[in-house]
$ cat upload19.cif   # mmCIF, C-alpha atoms
data_target
loop_
_atom_site.label_atom_id
_atom_site.label_comp_id
_atom_site.auth_asym_id
_atom_site.auth_seq_id
_atom_site.Cartn_x
_atom_site.Cartn_y
_atom_site.Cartn_z
CA MET A 1 -8.13 4.13 -22.13
CA LYS A 2 -11.71 2.99 -21.75
CA GLU A 3 -13.85 3.70 -18.71
CA PHE A 4 -13.87 0.89 -16.14
CA LEU A 5 -16.23 2.36 -13.52
CA LYS A 6 -17.09 5.51 -11.62
CA THR A 7 -16.54 5.73 -7.88
CA LYS A 8 -16.07 8.45 -5.29
CA ASP A 9 -14.00 9.60 -2.35
CA TYR A 10 -16.10 8.26 0.53
CA SER A 11 -13.81 9.34 3.35
CA VAL A 12 -12.87 13.00 2.75
CA SER A 13 -14.20 15.05 -0.18
CA LYS A 14 -17.16 12.94 -1.48
CA GLU A 15 -16.06 13.92 -5.00
CA GLU A 16 -16.59 11.53 -7.92
CA PHE A 17 -13.76 10.06 -10.01
CA THR A 18 -13.46 7.75 -13.00
CA LEU A 19 -11.26 4.66 -13.21
CA ARG A 20 -9.92 4.05 -16.70
CA TYR A 21 -8.42 0.77 -17.89
CA ASN A 22 -4.93 0.68 -19.41
CA THR A 23 -4.98 -2.52 -21.48
CA GLU A 24 -1.22 -2.53 -22.15
CA LEU A 25 -0.32 -2.57 -18.45
CA ASP A 26 -3.49 -4.21 -17.06
CA LEU A 27 -3.81 -1.19 -14.78
CA LEU A 28 -6.61 1.12 -13.65
CA VAL A 29 -5.89 4.85 -13.58
CA THR A 30 -7.78 7.40 -11.45
CA GLU A 31 -9.03 10.42 -13.40
CA PRO A 32 -8.79 13.26 -12.84
CA GLN A 33 -5.62 13.17 -10.75
CA PRO A 34 -5.75 16.29 -8.53
CA LYS A 35 -2.71 18.57 -8.50
CA ASP A 36 -3.26 19.35 -4.82
CA LEU A 37 -3.35 15.81 -3.43
CA ALA A 38 -2.39 16.89 0.10
CA ARG A 39 -5.88 18.17 0.91
CA TYR A 40 -7.35 14.69 0.32
CA TYR A 41 -5.27 13.40 3.22
CA GLU A 42 -6.44 16.12 5.64
CA SER A 43 -8.73 14.00 7.78
CA GLU A 44 -8.54 12.48 11.23
CA ASP A 45 -10.06 9.41 9.60
CA TYR A 46 -6.90 8.80 7.57
CA ILE A 47 -5.66 6.25 10.04
CA SER A 48 -2.11 5.56 8.80
CA HIS A 49 -1.22 9.16 9.66
CA THR A 50 -2.92 9.36 13.05
CA ASP A 51 -2.46 6.15 15.14
CA ALA A 52 -6.20 6.55 15.92
CA LYS A 53 -8.03 4.05 18.14
CA LYS A 54 -11.41 5.78 18.37
CA THR A 55 -13.68 3.30 16.59
CA ILE A 56 -14.00 -0.47 16.29
CA VAL A 57 -12.48 -0.22 12.81
CA ASP A 58 -9.56 1.85 14.19
CA GLN A 59 -8.93 -0.69 16.95
CA LEU A 60 -9.08 -3.59 14.50
CA TYR A 61 -6.63 -1.81 12.21
CA GLN A 62 -4.16 -1.14 15.03
CA THR A 63 -4.37 -4.72 16.35
CA VAL A 64 -3.71 -6.19 12.92
CA LYS A 65 -0.97 -3.61 12.27
CA ASN A 66 0.92 -4.60 15.43
CA TYR A 67 0.76 -8.28 14.43
CA SER A 68 1.75 -7.50 10.84
CA LEU A 69 4.79 -5.45 11.91
CA GLN A 70 6.53 -8.52 13.24
CA LYS A 71 5.60 -10.53 10.14
CA LYS A 72 7.05 -7.80 7.91
CA VAL A 73 10.32 -7.65 9.83
CA LYS A 74 10.57 -11.45 9.69
CA LEU A 75 10.01 -11.32 5.92
CA ILE A 76 12.77 -8.80 5.21
CA THR A 77 15.16 -10.64 7.53
CA GLN A 78 14.57 -13.91 5.67
CA LEU A 79 15.25 -12.24 2.32
CA VAL A 80 18.54 -10.54 3.22
CA SER A 81 21.74 -12.21 4.35
CA GLY A 82 24.08 -9.28 3.72
CA ASN A 83 23.64 -5.54 4.17
CA LYS A 84 20.75 -4.92 6.59
CA SER A 85 20.01 -1.41 5.33
CA LEU A 86 16.32 -0.60 5.00
CA LEU A 87 14.46 2.24 3.30
CA ASP A 88 10.73 2.42 4.01
CA VAL A 89 8.83 4.71 1.64
CA GLY A 90 5.55 6.07 2.99
CA ALA A 91 6.60 5.26 6.53
CA GLY A 92 3.53 6.79 8.19
CA THR A 93 4.13 7.20 11.91
CA GLY A 94 7.30 5.07 11.86
CA ASP A 95 6.18 1.85 13.55
CA PHE A 96 7.61 -0.55 10.95
CA LEU A 97 10.99 1.18 11.04
CA MET A 98 10.97 1.06 14.86
CA ALA A 99 10.32 -2.70 14.76
CA ALA A 100 13.11 -3.20 12.19
CA LYS A 101 15.57 -1.10 14.20
CA GLN A 102 14.94 -3.36 17.21
CA LYS A 103 16.17 -6.24 15.01
CA ASN A 104 19.40 -4.38 14.20
CA TRP A 105 18.41 -2.95 10.84
CA LYS A 106 19.95 0.33 9.75
CA ILE A 107 16.84 2.35 8.95
CA GLU A 108 15.85 5.28 6.77
CA GLY A 109 12.33 6.45 5.95
CA VAL A 110 10.30 8.81 3.79
CA GLU A 111 6.91 10.28 4.71
CA PRO A 112 5.43 13.36 2.98
CA ASN A 113 2.76 14.01 5.62
CA ALA A 114 4.04 16.48 8.25
CA LYS A 115 1.72 15.29 11.03
CA ALA A 116 2.80 11.68 10.54
CA ARG A 117 6.49 12.70 10.53
CA LYS A 118 5.96 14.55 13.80
CA LYS A 119 4.40 11.46 15.41
CA ALA A 120 7.29 9.33 14.14
CA LEU A 121 9.84 11.78 15.52
CA ALA A 122 8.19 11.57 18.94
CA LYS A 123 8.93 7.82 18.78
CA GLY A 124 12.57 8.52 17.89
CA VAL A 125 12.26 7.92 14.14
CA ALA A 126 13.34 10.87 11.96
CA LEU A 127 11.80 10.69 8.49
CA LYS A 128 12.62 12.59 5.30
CA GLU A 129 9.89 14.44 3.42
CA SER A 130 10.67 12.93 0.00
CA LEU A 131 12.94 10.52 -1.83
CA GLU A 132 14.87 13.49 -3.18
CA ASN A 133 15.81 14.50 0.40
CA LEU A 134 17.56 11.18 1.09
CA PRO A 135 21.33 10.86 1.26
CA ASN A 136 22.97 9.34 -1.80
CA ASN A 137 22.87 5.82 -0.38
CA LYS A 138 21.84 2.44 -1.75
CA TYR A 139 19.79 0.01 0.31
CA GLY A 140 19.62 -3.74 0.70
CA VAL A 141 15.84 -3.59 1.06
CA ILE A 142 13.32 -0.94 0.02
CA THR A 143 9.73 -1.38 1.19
CA LEU A 144 6.48 0.29 0.16
CA TRP A 145 3.57 -1.00 2.24
CA HIS A 146 0.44 0.21 0.42
CA VAL A 147 2.30 3.23 -0.95
CA LEU A 148 3.00 2.69 -4.66
CA GLU A 149 -0.66 3.36 -5.49
CA HIS A 150 -0.30 6.84 -3.92
CA LEU A 151 2.75 8.01 -5.88
CA PRO A 152 2.29 10.45 -8.78
CA ASN A 153 4.50 10.02 -11.86
CA LEU A 154 4.56 6.25 -11.40
CA GLU A 155 7.27 5.39 -13.95
CA GLU A 156 9.63 8.08 -12.63
CA HIS A 157 9.21 6.87 -9.06
CA ILE A 158 9.90 3.26 -10.04
CA GLN A 159 13.12 4.31 -11.77
CA LEU A 160 14.14 6.37 -8.72
CA LEU A 161 13.47 3.45 -6.38
CA LYS A 162 15.53 1.16 -8.62
CA SER A 163 18.44 3.63 -8.52
CA LYS A 164 18.44 3.50 -4.70
CA LEU A 165 18.51 -0.31 -4.59
CA GLU A 166 21.75 -2.29 -4.31
CA THR A 167 22.59 -4.60 -7.23
CA GLU A 168 21.41 -7.66 -5.30
CA GLY A 169 18.87 -5.69 -3.28
CA THR A 170 15.18 -6.48 -2.86
CA LEU A 171 12.20 -4.24 -3.50
CA ILE A 172 9.08 -5.22 -1.52
CA ILE A 173 5.78 -3.68 -2.55
CA ALA A 174 2.30 -4.34 -1.12
CA VAL A 175 -0.70 -3.09 -3.09
CA PRO A 176 -4.42 -3.85 -3.38
CA ASN A 177 -5.56 -6.11 -6.21
CA PHE A 178 -8.54 -4.87 -8.24
CA LYS A 179 -9.15 -8.41 -9.54
CA SER A 180 -9.81 -9.88 -6.09
CA TYR A 181 -13.21 -11.28 -5.18
CA ASP A 182 -13.98 -8.44 -2.76
CA ALA A 183 -13.11 -5.82 -5.41
CA VAL A 184 -15.39 -7.48 -7.96
CA TYR A 185 -18.18 -7.89 -5.40
CA TYR A 186 -18.16 -4.34 -3.97
CA LYS A 187 -17.48 -2.61 -7.32
CA GLN A 188 -17.60 1.20 -6.86
CA PHE A 189 -17.90 0.76 -3.08
CA TRP A 190 -14.63 -1.19 -2.78
CA ALA A 191 -12.69 0.70 -0.11
CA ALA A 192 -9.29 -0.08 -1.62
CA PHE A 193 -10.05 2.07 -4.66
CA ASP A 194 -9.74 4.97 -2.16
CA VAL A 195 -9.79 7.65 -4.85
CA PRO A 196 -8.10 10.05 -5.40
CA ARG A 197 -5.43 9.08 -2.87
CA HIS A 198 -4.95 5.88 -4.88
CA LEU A 199 -3.89 7.07 -8.30
CA TRP A 200 -3.18 3.60 -9.72
CA HIS A 201 -4.92 0.26 -9.19
CA PHE A 202 -2.83 -2.86 -9.79
CA SER A 203 -3.27 -6.49 -10.79
CA ARG A 204 -0.77 -9.33 -10.60
CA THR A 205 -0.28 -9.19 -14.37
CA GLY A 206 0.04 -5.43 -14.27
CA MET A 207 2.75 -5.43 -11.61
CA ALA A 208 4.85 -7.88 -13.63
CA ARG A 209 4.45 -5.80 -16.81
CA ILE A 210 5.20 -2.45 -15.18
CA PHE A 211 8.41 -3.60 -13.51
CA ALA A 212 9.54 -5.54 -16.60
CA LYS A 213 9.65 -2.16 -18.38
CA HIS A 214 12.31 -1.17 -15.83
CA GLN A 215 14.32 -4.41 -16.15
CA MET A 216 13.01 -5.77 -12.86
CA THR A 217 11.29 -9.08 -12.14
CA VAL A 218 8.62 -10.13 -9.65
CA VAL A 219 10.30 -13.22 -8.15
CA LYS A 220 7.66 -14.06 -5.55
CA THR A 221 4.27 -12.98 -4.21
CA LYS A 222 2.64 -13.38 -0.81
CA PRO A 223 -0.98 -12.70 0.22
CA MET A 224 -2.03 -10.18 2.88
CA LEU A 225 -4.93 -12.17 4.32
CA PHE A 226 -6.13 -9.62 6.86
CA ASP A 227 -6.67 -6.99 4.18
CA ALA A 228 -9.69 -8.81 2.75
CA PHE A 229 -11.50 -8.48 6.09
CA TYR A 230 -10.50 -4.87 6.77
CA VAL A 231 -11.33 -3.69 3.25
CA SER A 232 -14.65 -5.55 3.32
CA LEU A 233 -15.53 -3.87 6.62
CA LEU A 234 -14.95 -0.41 5.14
CA SER A 235 -16.68 -1.38 1.89
CA GLU A 236 -19.80 -2.49 3.74
CA LYS A 237 -19.94 0.90 5.42
CA TYR A 238 -19.57 2.72 2.10
CA LYS A 239 -22.22 0.53 0.47
CA THR A 240 -24.85 0.39 3.23
CA GLY A 241 -23.93 3.14 5.71
CA GLN A 242 -23.51 0.52 8.47
CA GLN A 243 -20.65 -1.59 9.85
CA ASN A 244 -22.25 -5.00 9.06
CA LEU A 245 -19.50 -6.96 10.82
CA ILE A 246 -20.91 -10.39 9.94
CA ALA A 247 -21.39 -9.59 6.26
CA ALA A 248 -17.90 -8.07 6.06
CA PHE A 249 -16.35 -11.12 7.73
CA TYR A 250 -18.14 -13.43 5.29
CA ARG A 251 -17.00 -11.45 2.24
CA GLY A 252 -13.43 -11.25 3.51
CA LEU A 253 -13.36 -14.98 4.25
CA TRP A 254 -14.82 -15.87 0.87
CA SER A 255 -12.32 -13.58 -0.85
CA ASN A 256 -9.42 -15.42 0.79
CA LEU A 257 -10.91 -18.87 0.14
CA SER A 258 -11.56 -18.14 -3.54
CA ALA A 259 -8.01 -16.81 -3.88
CA LEU A 260 -6.57 -20.18 -2.82
CA ARG A 261 -7.29 -21.26 -6.38
CA SER A 262 -7.24 -17.99 -8.34
CA LYS A 263 -4.36 -16.34 -6.38
CA GLU A 264 -6.33 -13.08 -6.65
CA TYR A 265 -6.00 -11.98 -3.02
CA SER A 266 -7.37 -8.63 -1.84
CA SER A 267 -3.83 -7.32 -1.31
CA ILE A 268 -0.58 -8.88 -2.44
CA ILE A 269 3.07 -8.46 -1.45
CA TYR A 270 5.42 -8.45 -4.47
CA ILE A 271 9.08 -9.33 -3.99
CA ILE A 272 11.02 -7.74 -6.85
CA LYS A 273 14.67 -7.94 -7.95
CA LYS A 274 16.77 -6.24 -10.61
CA ASP A 275 17.33 -8.31 -13.77
#
$ encode --input "upload19.cif" --output "structure tokens"
Amino acid sequence: MKEFLKTKDYSVSKEEFTLRYNTELDLLVTEPQPKDLARYYESEDYISHTDAKKTIVDQLYQTVKNYSLQKKVKLITQLVSGNKSLLDVGAGTGDFLMAAKQKNWKIEGVEPNAKARKKALAKGVALKESLENLPNNKYGVITLWHVLEHLPNLEEHIQLLKSKLETEGTLIIAVPNFKSYDAVYYKQFWAAFDVPRHLWHFSRTGMARIFAKHQMTVVKTKPMLFDAFYVSLLSEKYKTGQQNLIAAFYRGLWSNLSALRSKEYSSIIYIIKKD
């Protein structure tokens, strides 16, 4: 694999990492991949584990998250007419599962971070530590909202997820897209590289190729429009040391507008079925 670019962990360790390009899968791979990944999540700034609302960025994230929760529940409800059983992998502090439960979904969730699981439990959502700890059930819908890029042993995890999906079930995966305008513009400062927590960096072509290896097909994609603005806001901070709200808004807007033609949105939801 040839070197694509060098970047660094801007939020926790400040360590440098290399992204290498896998031509067969149209995929970027973070190197090295630390054996002790847990320590790279040990930060109050890692917002999906904390429910933080301390900064403008935190508040923006939480506002968009609350709006997006309802959109996500609407999406899964539209896709499923039968068994409303849901597994959310990387459930964070449990808000998506709470919203789904309110719409009569039978919920199950996985979250490896102990602090996040504790916050979820306080909301009445009990999460398992890993996929291996789940009961031997199959699910009508399995969701991974910005989680697949975090999972070590990618091929093994995909096969495990497939085994937990009903025959006619739906796998929904949201991941950043390294071919988006904002990724190309910000280069090593693009916040969605988020090394080394993000071990893999996907493209639309890459997602189709990876899941085809496991006899699964991407049947539909949907853009996550807010991600372009949020990622641009963080990227501006990494690049300049300042928030630069206007510049971030412009880059996020231009990313979404350019994607109307190219379809290369900052983050994309993939709806995947078994062959």
$ resolve_selection --input "upload19.cif" --expression "the PyMOL selection byres ((chain A and resi 171) around 8)" --output "PyMOL selection string"
chain A and resi 141-143+165+169-170+172-173+271-273
$ closest_residue --input "upload19.cif" --among "A:Pro34, A:Pro176, A:Gly94, A:Gly252" --to "Ser13 in chain A" --atoms "only C-alpha atoms"
A:Pro34
$ resolve_selection --input "upload19.cif" --expression "the PyMOL selection byres ((chain A and resi 214) around 12)" --output "MDAnalysis selection string"
chainID A and resid 154:163 207:213 215:218 272:275
$ resolve_selection --input "upload19.cif" --expression "the PyMOL selection byres ((chain A and resi 87) around 10)" --output "ChimeraX atom specification"
/A:85-86,88-91,97,105-110,131,134,137-144,161,164-165,171
$ closest_residue --input "upload19.cif" --among "A:Glu132, A:Glu3, A:Glu31, A:Glu42" --to "Glu15 in chain A" --atoms "all atoms listed in the file"
A:Glu31
